[in-house]
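Asker: Take a look at structure.csv, CSV, C-alpha atoms:
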```
chain,number,residue,atom,x,y,z
A,1,MET,CA,34.8,-29.4,25.1
A,2,ASN,CA,37.0,-27.4,27.4
A,3,LEU,CA,34.6,-24.8,28.9
A,4,ASN,CA,37.5,-23.2,30.7
A,5,ASP,CA,38.9,-22.0,27.3
A,6,PRO,CA,37.3,-18.7,26.5
A,7,LYS,CA,37.4,-19.4,22.7
A,8,GLU,CA,35.6,-22.8,23.0
A,9,LEU,CA,33.1,-21.3,25.5
A,10,ALA,CA,32.5,-18.5,23.0
A,11,SER,CA,31.8,-21.0,20.2
A,12,LEU,CA,29.2,-22.7,22.4
A,13,LEU,CA,27.5,-19.4,23.3
A,14,GLU,CA,27.5,-18.6,19.6
A,15,ALA,CA,25.7,-21.9,18.8
A,16,TRP,CA,23.0,-21.2,21.4
A,17,LEU,CA,22.4,-17.6,20.3
A,18,LEU,CA,22.2,-18.7,16.6
A,19,ALA,CA,19.9,-21.6,17.4
A,20,LEU,CA,17.5,-19.5,19.5
A,21,GLY,CA,17.4,-16.4,17.4
A,22,ARG,CA,16.4,-14.1,20.3
A,23,PRO,CA,18.2,-12.4,23.2
A,24,LEU,CA,19.5,-14.6,26.1
A,25,SER,CA,20.3,-13.0,29.4
A,26,LEU,CA,23.5,-13.7,31.3
A,27,GLU,CA,21.5,-15.6,33.9
A,28,ARG,CA,19.7,-17.7,31.4
A,29,LEU,CA,23.0,-18.6,29.7
A,30,GLY,CA,24.3,-19.8,33.0
A,31,GLU,CA,21.2,-22.0,33.5
A,32,LEU,CA,21.9,-23.9,30.3
A,33,PHE,CA,25.0,-25.5,31.8
A,34,GLU,CA,24.9,-28.6,34.0
A,35,GLU,CA,25.6,-27.8,37.7
A,36,GLY,CA,29.1,-29.3,37.7
A,37,GLU,CA,30.2,-27.6,34.5
A,38,ARG,CA,28.7,-24.2,34.9
A,39,PRO,CA,31.2,-21.4,34.4
A,40,GLU,CA,31.3,-18.3,36.6
A,41,PRO,CA,29.4,-15.2,35.3
A,42,ALA,CA,32.8,-13.5,34.8
A,43,GLN,CA,33.9,-16.4,32.5
A,44,ILE,CA,30.7,-16.2,30.5
A,45,ARG,CA,31.2,-12.4,30.1
A,46,GLU,CA,34.8,-13.0,29.0
A,47,ALA,CA,33.6,-15.5,26.4
A,48,LEU,CA,31.0,-13.1,25.1
A,49,GLU,CA,33.7,-10.5,24.6
A,50,VAL,CA,35.7,-13.0,22.6
A,51,LEU,CA,32.6,-13.7,20.6
A,52,ARG,CA,32.0,-10.0,20.0
A,53,GLN,CA,35.5,-9.5,18.8
A,54,SER,CA,35.3,-12.5,16.5
A,55,CYS,CA,32.3,-10.8,14.8
A,56,GLU,CA,34.4,-7.8,13.7
A,57,GLY,CA,34.4,-7.5,9.9
A,58,ARG,CA,31.5,-9.9,9.5
A,59,ALA,CA,27.9,-9.3,8.4
A,60,PHE,CA,26.6,-9.9,11.9
A,61,GLU,CA,27.4,-8.6,15.4
A,62,LEU,CA,26.8,-9.5,19.0
A,63,LYS,CA,24.5,-6.9,20.5
A,64,GLU,CA,23.4,-6.5,24.1
A,65,VAL,CA,19.8,-5.3,24.5
A,66,ALA,CA,17.4,-5.1,27.4
A,67,SER,CA,16.6,-8.8,27.4
A,68,GLY,CA,20.2,-10.0,27.0
A,69,PHE,CA,22.6,-10.8,24.2
A,70,ARG,CA,21.8,-11.7,20.6
A,71,LEU,CA,23.4,-12.2,17.3
A,72,GLN,CA,22.0,-9.9,14.6
A,73,VAL,CA,22.7,-8.7,11.1
A,74,ARG,CA,24.5,-5.4,11.0
A,75,GLU,CA,22.2,-2.4,10.3
A,76,LYS,CA,24.0,-1.4,7.1
A,77,PHE,CA,22.9,-4.6,5.4
A,78,ALA,CA,19.2,-4.1,6.3
A,79,PRO,CA,18.1,-2.8,2.9
A,80,TRP,CA,19.4,-5.9,1.2
A,81,VAL,CA,18.4,-8.4,3.8
A,82,GLY,CA,14.9,-7.0,3.6
A,83,ARG,CA,14.6,-8.4,0.1
A,84,LEU,CA,14.3,-11.9,1.5
A,85,TRP,CA,10.8,-11.2,2.6
A,86,GLU,CA,8.0,-10.4,0.1
A,87,GLU,CA,5.8,-8.5,2.5
A,88,ARG,CA,6.4,-4.7,2.7
A,89,PRO,CA,7.9,-3.4,5.9
A,90,GLN,CA,5.5,-2.1,8.5
A,91,ARG,CA,4.7,1.6,8.2
A,92,TYR,CA,3.5,3.6,11.2
A,93,SER,CA,1.5,6.8,11.2
A,94,ARG,CA,2.8,10.0,12.6
A,95,ALA,CA,0.2,9.9,15.3
A,96,MET,CA,1.4,6.4,16.5
A,97,LEU,CA,5.0,7.5,16.5
A,98,GLU,CA,4.3,10.7,18.4
A,99,THR,CA,2.3,8.7,21.0
A,100,LEU,CA,5.0,6.1,21.4
A,101,ALA,CA,7.7,8.8,21.7
A,102,LEU,CA,5.7,10.6,24.5
A,103,ILE,CA,5.3,7.3,26.4
A,104,ALA,CA,9.0,6.5,26.0
A,105,TYR,CA,10.2,10.0,27.2
A,106,ARG,CA,7.4,10.8,29.7
A,107,GLN,CA,6.6,7.4,31.2
A,108,PRO,CA,4.6,6.6,33.2
A,109,ILE,CA,2.0,8.7,31.4
A,110,THR,CA,-1.8,8.5,31.0
A,111,ARG,CA,-3.7,8.7,27.8
A,112,GLY,CA,-5.2,12.0,28.9
A,113,GLU,CA,-1.8,13.5,29.4
A,114,ILE,CA,-0.8,12.4,25.9
A,115,GLU,CA,-3.8,14.1,24.5
A,116,ASP,CA,-3.1,17.3,26.4
A,117,ILE,CA,0.4,17.5,25.0
A,118,ARG,CA,-0.5,16.6,21.4
A,119,GLY,CA,-3.7,18.7,21.4
A,120,VAL,CA,-5.8,15.9,19.8
A,121,ALA,CA,-7.5,12.8,21.0
A,122,VAL,CA,-5.6,9.5,20.9
A,123,ASN,CA,-7.2,6.9,18.7
A,124,SER,CA,-7.9,3.8,20.8
A,125,GLN,CA,-6.5,1.7,17.9
A,126,ILE,CA,-3.1,3.3,18.4
A,127,ILE,CA,-2.9,2.2,22.1
A,128,LYS,CA,-4.2,-1.3,21.1
A,129,THR,CA,-1.6,-1.7,18.4
A,130,LEU,CA,1.2,-0.7,20.7
A,131,GLN,CA,0.1,-3.1,23.3
A,132,GLU,CA,-0.3,-5.9,20.8
A,133,ARG,CA,3.2,-5.4,19.7
A,134,ASP,CA,4.2,-5.6,23.3
A,135,TRP,CA,5.9,-2.1,23.1
A,136,ILE,CA,3.8,-0.6,26.0
A,137,ARG,CA,2.0,-1.9,29.0
A,138,VAL,CA,-0.1,-0.6,31.9
A,139,VAL,CA,2.1,-0.2,35.0
A,140,GLY,CA,-0.5,1.3,37.4
A,141,TYR,CA,-3.3,3.8,37.8
A,142,ARG,CA,-3.1,7.5,38.5
A,143,ASP,CA,-4.6,8.4,41.9
A,144,VAL,CA,-7.1,10.9,40.4
A,145,PRO,CA,-10.8,10.8,39.6
A,146,GLY,CA,-11.4,8.1,37.0
A,147,ARG,CA,-8.1,6.4,37.9
A,148,PRO,CA,-6.6,6.5,34.4
A,149,ALA,CA,-4.1,3.8,33.4
A,150,MET,CA,-0.4,4.8,33.4
A,151,LEU,CA,1.5,3.6,30.3
A,152,ALA,CA,5.2,2.7,30.0
A,153,THR,CA,7.4,0.9,27.6
A,154,THR,CA,8.5,-2.7,27.8
A,155,ARG,CA,11.7,-4.8,27.3
A,156,ALA,CA,10.4,-5.7,23.9
A,157,PHE,CA,10.3,-2.1,22.9
A,158,LEU,CA,14.0,-1.7,24.0
A,159,ASP,CA,14.9,-4.9,22.1
A,160,TYR,CA,13.2,-3.8,19.0
A,161,PHE,CA,15.1,-0.5,18.9
A,162,ASN,CA,18.4,-2.0,19.9
A,163,LEU,CA,18.5,-0.4,23.3
A,164,LYS,CA,19.9,-1.8,26.5
A,165,SER,CA,18.0,0.7,28.7
A,166,LEU,CA,16.0,3.9,28.5
A,167,GLU,CA,19.2,5.8,29.2
A,168,GLU,CA,20.3,5.0,25.6
A,169,LEU,CA,17.3,6.9,24.2
A,170,PRO,CA,18.6,9.9,22.2
A,171,PRO,CA,18.3,13.1,24.2
A,172,LEU,CA,15.3,15.3,23.3
A,173,ALA,CA,17.6,18.1,22.5
A,174,ALA,CA,19.2,16.0,19.7
A,175,LEU,CA,15.8,15.2,18.3
A,176,ARG,CA,14.8,18.9,18.2
A,177,GLU,CA,17.9,19.6,16.1
A,178,LEU,CA,16.6,17.2,13.4
A,179,GLU,CA,14.9,19.0,10.5
A,180,PRO,CA,11.2,18.3,10.9
A,181,GLU,CA,9.1,16.6,8.1
A,182,PRO,CA,7.4,19.3,5.9
A,183,MET,CA,4.2,17.3,6.2
A,184,LEU,CA,2.6,14.3,7.8
A,185,ALA,CA,4.0,11.0,6.7
A,186,LEU,CA,1.8,9.2,4.2
A,187,GLU,CA,1.1,5.5,3.9
A,188,ASP,CA,2.1,5.6,0.2
A,189,ASP,CA,3.8,8.2,-1.9
A,190,LEU,CA,1.3,7.9,-4.7
A,191,PRO,CA,1.6,9.7,-8.1
A,192,VAL,CA,-0.8,12.3,-9.2
A,193,PRO,CA,-3.8,10.9,-11.2
A,194,PRO,CA,-3.0,10.8,-15.0
A,195,GLU,CA,-5.9,13.3,-15.7
A,196,LEU,CA,-4.4,16.0,-13.5
A,197,GLN,CA,-0.9,15.3,-14.7
A,198,ALA,CA,-2.1,15.7,-18.3
A,199,LEU,CA,-3.7,19.1,-17.5
A,200,ALA,CA,-0.5,20.2,-15.8
A,201,ASP,CA,1.6,19.1,-18.9
A,202,ALA,CA,-0.7,20.9,-21.2
A,203,ALA,CA,-0.5,24.1,-19.2
A,204,ALA,CA,3.3,23.9,-19.3
A,205,GLY,CA,3.2,23.4,-23.1
A,206,ASP,CA,1.4,26.8,-23.5
A,207,MET,CA,4.4,28.7,-22.2
A,208,ALA,CA,4.8,32.0,-24.1
A,209,GLU,CA,7.3,32.0,-27.0
A,210,GLY,CA,10.8,33.2,-25.9
A,211,GLU,CA,10.1,32.5,-22.2
A,212,GLU,CA,12.9,30.4,-20.6
A,213,ALA,CA,12.0,26.8,-20.0
A,214,ALA,CA,11.6,25.9,-16.4
A,215,GLU,CA,14.1,23.5,-14.9
A,216,PRO,CA,12.9,19.9,-14.9
A,217,ARG,CA,11.1,18.9,-11.7
A,218,GLU,CA,11.0,15.6,-9.9
A,219,GLU,CA,8.0,13.3,-10.5
A,220,THR,CA,4.9,14.8,-9.1
A,221,SER,CA,3.5,13.1,-6.1
A,222,PHE,CA,0.8,13.7,-3.4
A,223,ARG,CA,3.7,14.4,-1.0
A,224,SER,CA,5.1,17.2,-3.1
A,225,LEU,CA,1.6,18.5,-3.8
A,226,LEU,CA,0.9,18.8,-0.1
A,227,VAL,CA,4.2,20.4,0.5
A,228,GLU,CA,3.5,23.0,-2.2
A,229,LEU,CA,0.0,23.6,-0.7
A,230,ASP,CA,1.5,24.1,2.7
A,231,GLN,CA,3.9,26.7,1.3
A,232,MET,CA,1.0,28.4,-0.4
A,233,GLU,CA,-1.0,28.4,2.8
A,234,GLN,CA,1.9,30.1,4.6
A,235,GLY,CA,1.7,33.0,2.2
A,236,LEU,CA,-2.0,33.5,2.4
A,237,LYS,CA,-3.2,37.0,3.3
A,238,THR,CA,-5.0,37.2,6.6
A,239,ASP,CA,-5.3,41.0,7.1
A,240,PHE,CA,-8.0,42.5,4.9
A,241,ASP,CA,-8.3,45.9,6.6
A,242,ASP,CA,-6.9,47.6,3.5
A,243,LEU,CA,-9.6,46.1,1.3
A,244,ARG,CA,-12.3,47.5,3.6
A,245,GLN,CA,-10.7,50.9,3.3
A,246,ASP,CA,-10.7,50.6,-0.5
A,247,GLU,CA,-14.4,49.7,-0.5
A,248,GLU,CA,-15.2,52.7,1.6
A,249,VAL,CA,-13.3,55.0,-0.7
A,250,ASP,CA,-15.1,53.5,-3.8
A,251,ALA,CA,-18.4,53.9,-2.1
A,252,ASP,CA,-17.7,57.6,-1.3
A,253,GLU,CA,-16.6,58.2,-4.9
A,254,THR,CA,-19.8,56.5,-6.2
A,255,ALA,CA,-22.0,58.6,-4.0
A,256,GLU,CA,-20.3,61.8,-5.2
A,257,SER,CA,-20.7,60.9,-8.9
A,258,GLU,CA,-24.4,60.0,-8.7
A,259,PRO,CA,-26.8,62.8,-9.4
A,260,PRO,CA,-29.0,63.9,-6.4
A,261,LEU,CA,-32.5,62.4,-6.3
A,262,HIS,CA,-35.4,64.9,-6.6
```
Would you kindly transcribe this structure into structure tokens?
Answerer:
Amino acid sequence: MNLNDPKELASLLEAWLLALGRPLSLERLGELFEEGERPEPAQIREALEVLRQSCEGRAFELKEVASGFRLQVREKFAPWVGRLWEERPQRYSRAMLETLALIAYRQPITRGEIEDIRGVAVNSQIIKTLQERDWIRVVGYRDVPGRPAMLATTRAFLDYFNLKSLEELPPLAALRELEPEPMLALEDDLPVPPELQALADAAAGDMAEGEEAAEPREETSFRSLLVELDQMEQGLKTDFDDLRQDEEVDADETAESEPPLH
């Protein structure tokens, strides 16, 4: 094999990346060569560029992440490729995602600082899960009473989210422009129990004659119910001063209408 030929060198690098299945750094790629045949780093980079171009139009791509270079399936094929595995994809609670986002954007940050921002206590299981996934780690201790641990993200976090560095995180301004979820994300989008659905259908069937039929609605779910409850809650009356005034008027009228006691 002529390792001075960028195309042949690119084929060798492709074989290594396919065989390993995880990122390899430029330094590690160089270490895989014997001393006398080792290409210069610039040659390896040139071969990687040849490999990247050869992936154009194919189902996989060469991606550089924090830990190095890897070959991976293109994102647009993810919904179909996911069918290869029977287990359901991992779902994360909103609390976990908010905690992870705060660590990513405010690192290093302590658990107490996260709680101050979110306004609620951080479940210990959330921190434990993020550490077990190797997404966060303790990088030091704040020099304050109690010396709380300071948390930061890891290379594994960057690799998982296809990031080369923290500079590739989307700006917070862009995230704020996204329309927020109308409610907390649920583990499962479960349907309404049959008994409740039957009552709702019966009530809909009692519509007065001549009244226009309502437009068909999507299948009822706990998600849509909670959204509806949230909308109802926003319209609830909180100022009852007028009711107190009406009660005082009614009391005065009642007193005037009652005959005097002898």
Asker: Using all atoms listed in the file, find all polymer residues with an atom at most 12 Å away from the point (31.1, -7.6, 11.4); report them as a PDB file with C-alpha atoms, keeping the file's coordinate frame.
Answerer:
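Produced file out_9.pdb, reproduced below:
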```pdb
ATOM      1  CA  LEU A  51      32.600 -13.700  20.600  1.00  0.00           C
ATOM      2  CA  ARG A  52      32.000 -10.000  20.000  1.00  0.00           C
ATOM      3  CA  GLN A  53      35.500  -9.500  18.800  1.00  0.00           C
ATOM      4  CA  SER A  54      35.300 -12.500  16.500  1.00  0.00           C
ATOM      5  CA  CYS A  55      32.300 -10.800  14.800  1.00  0.00           C
ATOM      6  CA  GLU A  56      34.400  -7.800  13.700  1.00  0.00           C
ATOM      7  CA  GLY A  57      34.400  -7.500   9.900  1.00  0.00           C
ATOM      8  CA  ARG A  58      31.500  -9.900   9.500  1.00  0.00           C
ATOM      9  CA  ALA A  59      27.900  -9.300   8.400  1.00  0.00           C
ATOM     10  CA  PHE A  60      26.600  -9.900  11.900  1.00  0.00           C
ATOM     11  CA  GLU A  61      27.400  -8.600  15.400  1.00  0.00           C
ATOM     12  CA  LEU A  62      26.800  -9.500  19.000  1.00  0.00           C
ATOM     13  CA  LYS A  63      24.500  -6.900  20.500  1.00  0.00           C
ATOM     14  CA  LEU A  71      23.400 -12.200  17.300  1.00  0.00           C
ATOM     15  CA  GLN A  72      22.000  -9.900  14.600  1.00  0.00           C
ATOM     16  CA  VAL A  73      22.700  -8.700  11.100  1.00  0.00           C
ATOM     17  CA  ARG A  74      24.500  -5.400  11.000  1.00  0.00           C
ATOM     18  CA  GLU A  75      22.200  -2.400  10.300  1.00  0.00           C
ATOM     19  CA  LYS A  76      24.000  -1.400   7.100  1.00  0.00           C
ATOM     20  CA  PHE A  77      22.900  -4.600   5.400  1.00  0.00           C
TER      21      PHE A  77
END
```
Asker: List the spatial neighbours of region 157-160 of chain A as a PyMOL selection string - criterion: any atom at most 7 Å away, only C-alpha atoms, same-chain residues fewer than 4 positions off excluded.
Answerer: chain A and resi 65-67+135+153+164-165
Asker: With C-alpha atoms retained, could you export that selection as a short mmCIF file (atom, residue, chain, number, x, y, z; two decimals), in the coordinates of the input?
Answerer:
```
data_model
loop_
_atom_site.label_atom_id
_atom_site.label_comp_id
_atom_site.auth_asym_id
_atom_site.auth_seq_id
_atom_site.Cartn_x
_atom_site.Cartn_y
_atom_site.Cartn_z
CA VAL A 65 19.80 -5.30 24.50
CA ALA A 66 17.40 -5.10 27.40
CA SER A 67 16.60 -8.80 27.40
CA TRP A 135 5.90 -2.10 23.10
CA THR A 153 7.40 0.90 27.60
CA LYS A 164 19.90 -1.80 26.50
CA SER A 165 18.00 0.70 28.70
#
```
Asker: Need to verify the contact set: Ser124 (chain A), 12 Å, all atoms listed in the file, exclusion of same-chain residues closer than 6 positions in sequence. Can you return it as a PyMOL selection string?
Answerer: chain A and resi 95-96+99+111-112+115+130-131
Asker: Counting only C-alpha atoms, which of A:Leu13, A:Leu18, A:Ala121, A:Ala47 gets nearest to Leu32 (chain A)?
Answerer: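 Distance minimum relative to Leu32 (chain A) lands on A:Leu13.
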Asker: Output, as AutoDock Vina command-line options, the centre and edge lengths in Å (one decimal) of the axis-aligned box that contains all listed atoms of region 67-72 of chain A with 4 Å of margin on each side.
Answerer:
```
--center_x 20.0 --center_y -10.5 --center_z 21.0 --size_x 14.8 --size_y 11.4 --size_z 20.8
```
Asker: For Phe69 (chain A), work out the shell of residues within 9 Å, counting all atoms listed in the file and skipping chain neighbours fewer than 4 positions away, then give it as a list in words.
Answerer: Leu17, Arg22, Pro23, Leu24, Ser25, Leu26, Leu48, Leu62, Lys63, Glu64 and Val65 of chain A
Asker: For the residues in the current selection, export C-alpha atoms as a compact mmCIF listing (two decimals), in the coordinates of the input.
Answerer:
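Wrote it out as result_4.txt, contents follow:
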```txt
# COMPACT_ATOMS: atom_id res chain seq x y z
CA LEU A 17 22.40 -17.60 20.30
CA ARG A 22 16.40 -14.10 20.30
CA PRO A 23 18.20 -12.40 23.20
CA LEU A 24 19.50 -14.60 26.10
CA SER A 25 20.30 -13.00 29.40
CA LEU A 26 23.50 -13.70 31.30
CA LEU A 48 31.00 -13.10 25.10
CA LEU A 62 26.80 -9.50 19.00
CA LYS A 63 24.50 -6.90 20.50
CA GLU A 64 23.40 -6.50 24.10
CA VAL A 65 19.80 -5.30 24.50
```
Asker: List as a list of chain:residue names the protein and nucleic acid residues near Leu169 (chain A), meaning an atom at most 9 Å away when only C-alpha atoms are counted, but skip any in the same chain fewer than 5 places from it.
Answerer: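 The contact residues come out as A:Ala104, A:Tyr105, A:Leu163.
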Asker: Figure out the distance between CA of Leu20 (chain A) and CA of Asn4 (chain A), please, to one decimal in Å.
Answerer: 23.2 Å
Asker: Could you jot down the CA of Gly30 (chain A) to CA of Arg45 (chain A) separation for me, Å, one decimal place?
Answerer: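 So the two atoms, CA of Gly30 (chain A) and CA of Arg45 (chain A), lie 10.5 Å apart.
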Asker: So what do you get for CA of Ala15 (chain A) versus CA of Ala156 (chain A), distance-wise?
Answerer: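 If I compute the distance from CA of Ala15 (chain A) to CA of Ala156 (chain A), I get 22.9 Å.
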Asker: Point out the residue among A:Ser11, A:Gln43, A:Asn2, A:Thr110 with the least atom-to-atom distance to Arg147 (chain A), counting only C-alpha atoms.
Answerer: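 Nearest to Arg147 (chain A): A:Thr110.
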Asker: Which residue gives the smallest distance to Ala19 (chain A) among A:Asp143, A:Arg70, A:Ala152, A:Leu3, with only C-alpha atoms counted?
Answerer: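 Looking at the shortest contact to Ala19 (chain A), the residue is A:Arg70.
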